[in-house]
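Asker: What follows is upload-v8.cif; its format and atoms are mmCIF, N, CA and C atoms and all ligand atoms.
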```cif
data_coords
#
loop_
_atom_site.group_PDB
_atom_site.id
_atom_site.type_symbol
_atom_site.label_atom_id
_atom_site.label_comp_id
_atom_site.auth_asym_id
_atom_site.auth_seq_id
_atom_site.Cartn_x
_atom_site.Cartn_y
_atom_site.Cartn_z
ATOM 1 N N MET A 1 86.429 69.387 96.367
ATOM 2 C CA MET A 1 86.688 70.060 95.088
ATOM 3 C C MET A 1 87.297 71.440 95.302
ATOM 4 N N THR A 2 88.405 71.660 94.727
ATOM 5 C CA THR A 2 89.011 72.971 94.884
ATOM 6 C C THR A 2 88.919 73.786 93.613
ATOM 7 N N ASP A 3 88.240 74.841 93.765
ATOM 8 C CA ASP A 3 88.153 75.771 92.655
ATOM 9 C C ASP A 3 89.372 76.674 92.696
ATOM 10 N N LYS A 4 89.594 77.413 91.653
ATOM 11 C CA LYS A 4 90.765 78.285 91.689
ATOM 12 C C LYS A 4 90.461 79.670 92.221
ATOM 13 N N LEU A 5 89.511 79.718 93.104
ATOM 14 C CA LEU A 5 89.206 80.997 93.726
ATOM 15 C C LEU A 5 90.001 81.151 95.006
ATOM 16 N N VAL A 6 90.693 82.217 95.151
ATOM 17 C CA VAL A 6 91.471 82.455 96.356
ATOM 18 C C VAL A 6 90.603 83.167 97.378
ATOM 19 N N ASN A 7 90.302 82.462 98.422
ATOM 20 C CA ASN A 7 89.457 83.039 99.470
ATOM 21 C C ASN A 7 88.129 83.581 98.962
ATOM 22 N N GLY A 8 87.760 83.142 97.806
ATOM 23 C CA GLY A 8 86.509 83.643 97.262
ATOM 24 C C GLY A 8 86.549 85.095 96.852
ATOM 25 N N VAL A 9 87.755 85.642 96.780
ATOM 26 C CA VAL A 9 87.856 87.048 96.415
ATOM 27 C C VAL A 9 88.024 87.186 94.918
ATOM 28 N N LYS A 10 87.200 87.960 94.361
ATOM 29 C CA LYS A 10 87.326 88.213 92.931
ATOM 30 C C LYS A 10 88.190 89.438 92.707
ATOM 31 N N GLN A 11 89.003 89.396 91.691
ATOM 32 C CA GLN A 11 89.820 90.561 91.389
ATOM 33 C C GLN A 11 88.942 91.671 90.830
ATOM 34 N N ALA A 12 89.030 92.794 91.457
ATOM 35 C CA ALA A 12 88.257 93.921 90.964
ATOM 36 C C ALA A 12 89.197 94.878 90.252
ATOM 37 N N GLU A 13 89.547 94.538 89.046
ATOM 38 C CA GLU A 13 90.570 95.325 88.372
ATOM 39 C C GLU A 13 90.018 96.611 87.794
ATOM 40 N N SER A 14 88.809 96.582 87.372
ATOM 41 C CA SER A 14 88.327 97.745 86.638
ATOM 42 C C SER A 14 87.539 98.716 87.504
ATOM 43 N N SER A 15 87.210 98.293 88.699
ATOM 44 C CA SER A 15 86.240 99.085 89.440
ATOM 45 C C SER A 15 86.804 100.321 90.119
ATOM 46 N N SER A 16 88.060 100.278 90.534
ATOM 47 C CA SER A 16 88.494 101.328 91.447
ATOM 48 C C SER A 16 89.377 102.399 90.823
ATOM 49 N N LYS A 17 89.477 102.430 89.514
ATOM 50 C CA LYS A 17 90.395 103.408 88.944
ATOM 51 C C LYS A 17 89.648 104.494 88.196
ATOM 52 N N SER A 18 88.978 105.337 88.896
ATOM 53 C CA SER A 18 88.194 106.306 88.156
ATOM 54 C C SER A 18 88.584 107.754 88.388
ATOM 55 N N GLY A 19 89.559 108.026 89.211
ATOM 56 C CA GLY A 19 90.042 109.396 89.260
ATOM 57 C C GLY A 19 89.623 110.194 90.466
ATOM 58 N N ASP A 20 88.435 109.975 91.012
ATOM 59 C CA ASP A 20 88.176 110.744 92.218
ATOM 60 C C ASP A 20 88.476 109.911 93.451
ATOM 61 N N ASP A 21 89.739 109.808 93.714
ATOM 62 C CA ASP A 21 90.217 108.990 94.812
ATOM 63 C C ASP A 21 90.641 109.841 95.992
ATOM 64 N N GLY A 22 90.141 111.025 96.074
ATOM 65 C CA GLY A 22 90.581 111.897 97.146
ATOM 66 C C GLY A 22 91.754 112.743 96.695
ATOM 67 N N GLU A 23 92.254 113.548 97.586
ATOM 68 C CA GLU A 23 93.252 114.528 97.198
ATOM 69 C C GLU A 23 94.593 113.935 96.814
ATOM 70 N N ASN A 24 94.955 112.892 97.486
ATOM 71 C CA ASN A 24 96.285 112.371 97.260
ATOM 72 C C ASN A 24 96.369 111.392 96.108
ATOM 73 N N GLY A 25 95.242 111.014 95.574
ATOM 74 C CA GLY A 25 95.282 110.108 94.445
ATOM 75 C C GLY A 25 95.619 108.690 94.854
ATOM 76 N N ALA A 26 96.134 107.965 93.909
ATOM 77 C CA ALA A 26 96.406 106.562 94.157
ATOM 78 C C ALA A 26 97.895 106.315 94.341
ATOM 79 N N CYS A 27 98.162 105.285 95.093
ATOM 80 C CA CYS A 27 99.543 104.873 95.298
ATOM 81 C C CYS A 27 100.166 104.480 93.969
ATOM 82 N N LEU A 28 101.315 105.012 93.694
ATOM 83 C CA LEU A 28 101.977 104.735 92.436
ATOM 84 C C LEU A 28 102.411 103.284 92.331
ATOM 85 N N ILE A 29 102.556 102.665 93.463
ATOM 86 C CA ILE A 29 103.089 101.314 93.448
ATOM 87 C C ILE A 29 101.990 100.271 93.368
ATOM 88 N N CYS A 30 101.005 100.412 94.219
ATOM 89 C CA CYS A 30 100.002 99.343 94.258
ATOM 90 C C CYS A 30 98.596 99.822 93.891
ATOM 91 N N GLY A 31 98.425 101.116 93.737
ATOM 92 C CA GLY A 31 97.108 101.601 93.347
ATOM 93 C C GLY A 31 96.142 101.781 94.506
ATOM 94 N N ASP A 32 96.592 101.462 95.700
ATOM 95 C CA ASP A 32 95.778 101.712 96.878
ATOM 96 C C ASP A 32 95.683 103.228 97.104
ATOM 97 N N LYS A 33 94.893 103.592 98.052
ATOM 98 C CA LYS A 33 94.747 105.013 98.301
ATOM 99 C C LYS A 33 96.025 105.600 98.885
ATOM 100 N N ALA A 34 96.543 106.603 98.234
ATOM 101 C CA ALA A 34 97.788 107.192 98.703
ATOM 102 C C ALA A 34 97.527 108.100 99.893
ATOM 103 N N THR A 35 98.479 108.140 100.785
ATOM 104 C CA THR A 35 98.327 108.998 101.954
ATOM 105 C C THR A 35 99.155 110.260 101.810
ATOM 106 N N GLY A 36 99.855 110.380 100.708
ATOM 107 C CA GLY A 36 100.654 111.571 100.507
ATOM 108 C C GLY A 36 101.880 111.251 99.687
ATOM 109 N N LYS A 37 102.740 112.212 99.587
ATOM 110 C CA LYS A 37 103.960 111.983 98.829
ATOM 111 C C LYS A 37 105.054 111.495 99.741
ATOM 112 N N HIS A 38 105.566 110.341 99.431
ATOM 113 C CA HIS A 38 106.655 109.811 100.224
ATOM 114 C C HIS A 38 107.814 109.496 99.295
ATOM 115 N N TYR A 39 108.960 109.973 99.600
ATOM 116 C CA TYR A 39 110.129 109.722 98.772
ATOM 117 C C TYR A 39 109.893 110.140 97.327
ATOM 118 N N GLY A 40 109.153 111.170 97.142
ATOM 119 C CA GLY A 40 108.981 111.696 95.809
ATOM 120 C C GLY A 40 107.877 111.067 94.994
ATOM 121 N N ALA A 41 107.176 110.120 95.575
ATOM 122 C CA ALA A 41 106.093 109.496 94.823
ATOM 123 C C ALA A 41 104.869 109.334 95.713
ATOM 124 N N SER A 42 103.721 109.470 95.133
ATOM 125 C CA SER A 42 102.512 109.227 95.913
ATOM 126 C C SER A 42 102.460 107.766 96.293
ATOM 127 N N SER A 43 102.259 107.506 97.553
ATOM 128 C CA SER A 43 102.158 106.103 97.946
ATOM 129 C C SER A 43 101.300 105.948 99.185
ATOM 130 N N CYS A 44 100.864 104.730 99.389
ATOM 131 C CA CYS A 44 100.054 104.436 100.561
ATOM 132 C C CYS A 44 100.973 104.154 101.742
ATOM 133 N N ASP A 45 100.396 104.024 102.901
ATOM 134 C CA ASP A 45 101.199 103.768 104.086
ATOM 135 C C ASP A 45 101.955 102.450 103.994
ATOM 136 N N GLY A 46 101.302 101.481 103.429
ATOM 137 C CA GLY A 46 101.922 100.160 103.317
ATOM 138 C C GLY A 46 103.191 100.203 102.492
ATOM 139 N N CYS A 47 103.094 100.858 101.351
ATOM 140 C CA CYS A 47 104.252 100.922 100.468
ATOM 141 C C CYS A 47 105.327 101.835 101.033
ATOM 142 N N LYS A 48 104.893 102.872 101.685
ATOM 143 C CA LYS A 48 105.850 103.778 102.306
ATOM 144 C C LYS A 48 106.710 103.027 103.320
ATOM 145 N N GLY A 49 106.047 102.302 104.173
ATOM 146 C CA GLY A 49 106.759 101.545 105.197
ATOM 147 C C GLY A 49 107.644 100.472 104.595
ATOM 148 N N PHE A 50 107.106 99.810 103.612
ATOM 149 C CA PHE A 50 107.855 98.756 102.939
ATOM 150 C C PHE A 50 109.121 99.315 102.305
ATOM 151 N N PHE A 51 108.955 100.421 101.624
ATOM 152 C CA PHE A 51 110.076 101.031 100.940
ATOM 153 C C PHE A 51 111.137 101.493 101.929
ATOM 154 N N ARG A 52 110.680 102.133 102.965
ATOM 155 C CA ARG A 52 111.634 102.651 103.937
ATOM 156 C C ARG A 52 112.409 101.514 104.611
ATOM 157 N N ARG A 53 111.677 100.485 104.982
ATOM 158 C CA ARG A 53 112.329 99.329 105.603
ATOM 159 C C ARG A 53 113.358 98.717 104.668
ATOM 160 N N SER A 54 112.954 98.578 103.433
ATOM 161 C CA SER A 54 113.819 97.910 102.468
ATOM 162 C C SER A 54 115.102 98.684 102.250
ATOM 163 N N VAL A 55 114.975 99.977 102.124
ATOM 164 C CA VAL A 55 116.135 100.799 101.864
ATOM 165 C C VAL A 55 117.043 100.855 103.080
ATOM 166 N N ARG A 56 116.420 101.012 104.212
ATOM 167 C CA ARG A 56 117.209 101.171 105.420
ATOM 168 C C ARG A 56 118.006 99.913 105.741
ATOM 169 N N LYS A 57 117.368 98.793 105.581
ATOM 170 C CA LYS A 57 118.053 97.536 105.914
ATOM 171 C C LYS A 57 118.750 96.931 104.721
ATOM 172 N N ASN A 58 118.704 97.628 103.632
ATOM 173 C CA ASN A 58 119.377 97.139 102.437
ATOM 174 C C ASN A 58 118.925 95.749 102.022
ATOM 175 N N HIS A 59 117.654 95.551 102.077
ATOM 176 C CA HIS A 59 117.128 94.253 101.709
ATOM 177 C C HIS A 59 117.319 93.993 100.227
ATOM 178 N N VAL A 60 117.655 92.778 99.920
ATOM 179 C CA VAL A 60 117.718 92.385 98.523
ATOM 180 C C VAL A 60 116.708 91.273 98.306
ATOM 181 N N TYR A 61 115.785 91.520 97.428
ATOM 182 C CA TYR A 61 114.748 90.537 97.171
ATOM 183 C C TYR A 61 114.985 89.870 95.833
ATOM 184 N N ALA A 62 114.359 88.747 95.675
ATOM 185 C CA ALA A 62 114.453 88.066 94.391
ATOM 186 C C ALA A 62 113.057 87.798 93.861
ATOM 187 N N CYS A 63 112.914 87.970 92.583
ATOM 188 C CA CYS A 63 111.629 87.693 91.959
ATOM 189 C C CYS A 63 111.601 86.243 91.501
ATOM 190 N N ARG A 64 110.511 85.585 91.788
ATOM 191 C CA ARG A 64 110.414 84.187 91.392
ATOM 192 C C ARG A 64 109.947 84.041 89.954
ATOM 193 N N PHE A 65 109.559 85.135 89.389
ATOM 194 C CA PHE A 65 108.999 85.058 88.046
ATOM 195 C C PHE A 65 109.862 85.834 87.057
ATOM 196 N N GLN A 66 109.274 86.650 86.264
ATOM 197 C CA GLN A 66 110.045 87.339 85.218
ATOM 198 C C GLN A 66 110.350 88.780 85.575
ATOM 199 N N ARG A 67 110.275 89.097 86.801
ATOM 200 C CA ARG A 67 110.479 90.475 87.241
ATOM 201 C C ARG A 67 109.474 91.420 86.598
ATOM 202 N N ALA A 68 108.338 90.910 86.399
ATOM 203 C CA ALA A 68 107.299 91.750 85.787
ATOM 204 C C ALA A 68 105.965 91.469 86.459
ATOM 205 N N CYS A 69 106.010 91.254 87.749
ATOM 206 C CA CYS A 69 104.792 90.906 88.470
ATOM 207 C C CYS A 69 103.840 92.100 88.535
ATOM 208 N N VAL A 70 102.577 91.779 88.548
ATOM 209 C CA VAL A 70 101.585 92.824 88.732
ATOM 210 C C VAL A 70 101.533 93.162 90.215
ATOM 211 N N ILE A 71 101.706 94.413 90.519
ATOM 212 C CA ILE A 71 101.629 94.839 91.915
ATOM 213 C C ILE A 71 100.369 95.678 92.087
ATOM 214 N N ASN A 72 99.448 95.165 92.808
ATOM 215 C CA ASN A 72 98.279 95.966 93.143
ATOM 216 C C ASN A 72 97.933 95.744 94.603
ATOM 217 N N LYS A 73 96.852 96.297 94.994
ATOM 218 C CA LYS A 73 96.497 96.281 96.401
ATOM 219 C C LYS A 73 96.446 94.855 96.969
ATOM 220 N N ASP A 74 95.963 93.945 96.177
ATOM 221 C CA ASP A 74 95.828 92.576 96.669
ATOM 222 C C ASP A 74 97.130 91.791 96.576
ATOM 223 N N LYS A 75 97.898 92.093 95.568
ATOM 224 C CA LYS A 75 99.059 91.245 95.298
ATOM 225 C C LYS A 75 100.376 91.864 95.713
ATOM 226 N N ARG A 76 100.323 93.021 96.317
ATOM 227 C CA ARG A 76 101.578 93.717 96.548
ATOM 228 C C ARG A 76 102.528 92.965 97.467
ATOM 229 N N ASN A 77 101.992 92.067 98.267
ATOM 230 C CA ASN A 77 102.875 91.323 99.156
ATOM 231 C C ASN A 77 103.431 90.058 98.525
ATOM 232 N N GLN A 78 103.003 89.761 97.345
ATOM 233 C CA GLN A 78 103.416 88.499 96.737
ATOM 234 C C GLN A 78 104.823 88.568 96.176
ATOM 235 N N CYS A 79 105.210 89.715 95.681
ATOM 236 C CA CYS A 79 106.571 89.818 95.168
ATOM 237 C C CYS A 79 107.206 91.116 95.632
ATOM 238 N N ARG A 80 108.095 90.972 96.571
ATOM 239 C CA ARG A 80 108.699 92.175 97.124
ATOM 240 C C ARG A 80 109.714 92.763 96.168
ATOM 241 N N TYR A 81 110.303 91.906 95.377
ATOM 242 C CA TYR A 81 111.252 92.417 94.397
ATOM 243 C C TYR A 81 110.578 93.426 93.466
ATOM 244 N N CYS A 82 109.480 92.991 92.895
ATOM 245 C CA CYS A 82 108.811 93.854 91.927
ATOM 246 C C CYS A 82 108.179 95.067 92.607
ATOM 247 N N ARG A 83 107.775 94.880 93.829
ATOM 248 C CA ARG A 83 107.201 96.010 94.547
ATOM 249 C C ARG A 83 108.262 97.082 94.787
ATOM 250 N N LEU A 84 109.405 96.644 95.220
ATOM 251 C CA LEU A 84 110.478 97.605 95.483
ATOM 252 C C LEU A 84 110.944 98.250 94.182
ATOM 253 N N ARG A 85 110.970 97.461 93.138
ATOM 254 C CA ARG A 85 111.364 97.996 91.846
ATOM 255 C C ARG A 85 110.411 99.106 91.427
ATOM 256 N N LYS A 86 109.155 98.874 91.681
ATOM 257 C CA LYS A 86 108.175 99.895 91.347
ATOM 258 C C LYS A 86 108.348 101.139 92.203
ATOM 259 N N CYS A 87 108.689 100.931 93.445
ATOM 260 C CA CYS A 87 108.936 102.078 94.317
ATOM 261 C C CYS A 87 110.043 102.936 93.737
ATOM 262 N N PHE A 88 111.096 102.305 93.303
ATOM 263 C CA PHE A 88 112.229 103.045 92.779
ATOM 264 C C PHE A 88 111.885 103.743 91.480
ATOM 265 N N SER A 89 111.184 103.056 90.632
ATOM 266 C CA SER A 89 110.893 103.665 89.344
ATOM 267 C C SER A 89 109.894 104.795 89.497
ATOM 268 N N GLY A 90 109.149 104.789 90.563
ATOM 269 C CA GLY A 90 108.157 105.828 90.750
ATOM 270 C C GLY A 90 108.730 107.130 91.250
ATOM 271 N N ARG A 91 109.863 107.060 91.872
ATOM 272 C CA ARG A 91 110.319 108.310 92.486
ATOM 273 C C ARG A 91 111.350 109.055 91.641
ATOM 274 N N HIS A 92 111.741 108.474 90.549
ATOM 275 C CA HIS A 92 112.644 109.156 89.621
ATOM 276 C C HIS A 92 113.863 109.739 90.314
ATOM 277 N N GLU A 93 114.182 110.975 90.029
ATOM 278 C CA GLU A 93 115.451 111.474 90.526
ATOM 279 C C GLU A 93 115.289 112.425 91.698
ATOM 280 N N GLU A 94 114.377 112.110 92.552
ATOM 281 C CA GLU A 94 114.193 113.011 93.678
ATOM 282 C C GLU A 94 114.878 112.490 94.924
ATOM 283 N N GLY A 95 116.078 112.005 94.755
ATOM 284 C CA GLY A 95 116.764 111.406 95.885
ATOM 285 C C GLY A 95 117.439 112.422 96.773
ATOM 286 N N SER A 96 117.186 113.682 96.557
ATOM 287 C CA SER A 96 117.941 114.708 97.251
ATOM 288 C C SER A 96 117.698 114.713 98.751
ATOM 289 N N CYS A 97 116.488 114.368 99.169
ATOM 290 C CA CYS A 97 116.192 114.504 100.578
ATOM 291 C C CYS A 97 116.203 113.171 101.314
ATOM 292 N N SER A 98 116.623 112.115 100.654
ATOM 293 C CA SER A 98 116.472 110.813 101.283
ATOM 294 C C SER A 98 117.754 110.300 101.906
ATOM 295 N N LYS A 99 118.749 111.145 101.995
ATOM 296 C CA LYS A 99 119.973 110.610 102.586
ATOM 297 C C LYS A 99 120.164 111.009 104.021
HETATM 298 ZN ZN ZN B 101 100.847 101.196 97.885
HETATM 299 ZN ZN ZN B 102 108.191 89.730 90.774
#
```
Would you give me this structure, written as structure tokens?

Answerer:
Amino acid sequence: MTDKLVNGVKQAESSSKSGDDGENGACLICGDKATGKHYGASSCDGCKGFFRRSVRKNHVYACRFQRACVINKDKRNQCRYCRLRKCFSGRHEEGSCSK
């Protein structure tokens, strides 16, 4: 019998967003703990690396859904298109130092 539980992990959507997440706050992209400001937006190491790799290699991703995927700590690897889109929308117009 297969239940629809993925690895038995329950989504903890409401538990971790309370504001005292340390000095750097939460990653703008996935909500994980941010390690600082990268490319103009607070982000975690995972997203920082992902973003940098994507930009540098000019990766083009495709979304399998409606380009509106939920990106959070657990699901951030499921859709790279939407993750990268979030990276871009998070940093606004601070592209001055990224060239
Ligand atoms: Zn992140
Ligand atoms: Zn997507």

Asker: For a quick check of understanding, using only C-alpha atoms, which of A:Ala68, A:Lys75, A:Cys27, A:Cys82 has the smallest distance to Gly40 of chain A?

Answerer: A:Cys27

Asker: Would you please give, as a list in words, all residues of segment 42-99 of chain A that DSSP assigns to helix (DSSP H, G or I) based on the backbone?

Answerer: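 For segment 42-99 of chain A, the helix (DSSP H, G or I) set is Asp45, Gly46, Cys47, Lys48, Gly49, Phe50, Phe51, Arg52, Arg53, Ser54, Val55, Arg56, Arg80, Tyr81, Cys82, Arg83, Leu84, Arg85, Lys86, Cys87, Phe88, Ser89, Gly90, Arg91, Gly95, Ser96 and Cys97 of chain A.
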
Asker: Which of these residues is nearest to ligand ZN 101 (chain B), using only C-alpha atoms and all ligand atoms: A:Lys57, A:His38, A:Lys73, A:Lys86?

Answerer: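 Closest candidate: A:Lys73.
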
Asker: List the residues matched by the PyMOL selection byres (((not hetatm)) within 6 of (chain B and resi 101)) in the displayed structure as a VMD selection string, ordered by chain and then by residue number.

Answerer: chain A and resid 27 to 32 43 to 48

Asker: Step by step, measure atom-to-atom distances between ligand ZN 102 (chain B) and each residue using only C-alpha atoms and all ligand atoms, keep those at most 10 Å, then write them as number ranges by chain.

Answerer: A: 61-71, 76, 78-85

Asker: Between atom CA of Arg53 of chain A and atom N of Lys33 of chain A, what is the spacing in Å?

Answerer: 19.5 Å

Asker: Env of Ser42 of chain A: 8 Å cut, atoms = only C-alpha atoms, seq-sep filter 6 positions within chain, self excluded. Answer as a PyMOL selection string.

Answerer: chain A and resi 24-28+34-36

Asker: Distance atom CA of Asn58 of chain A-atom C of Asp74 of chain A, one decimal place?

Answerer: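 According to the coordinates, atom CA of Asn58 of chain A and atom C of Asp74 of chain A are separated by 23.6 Å.
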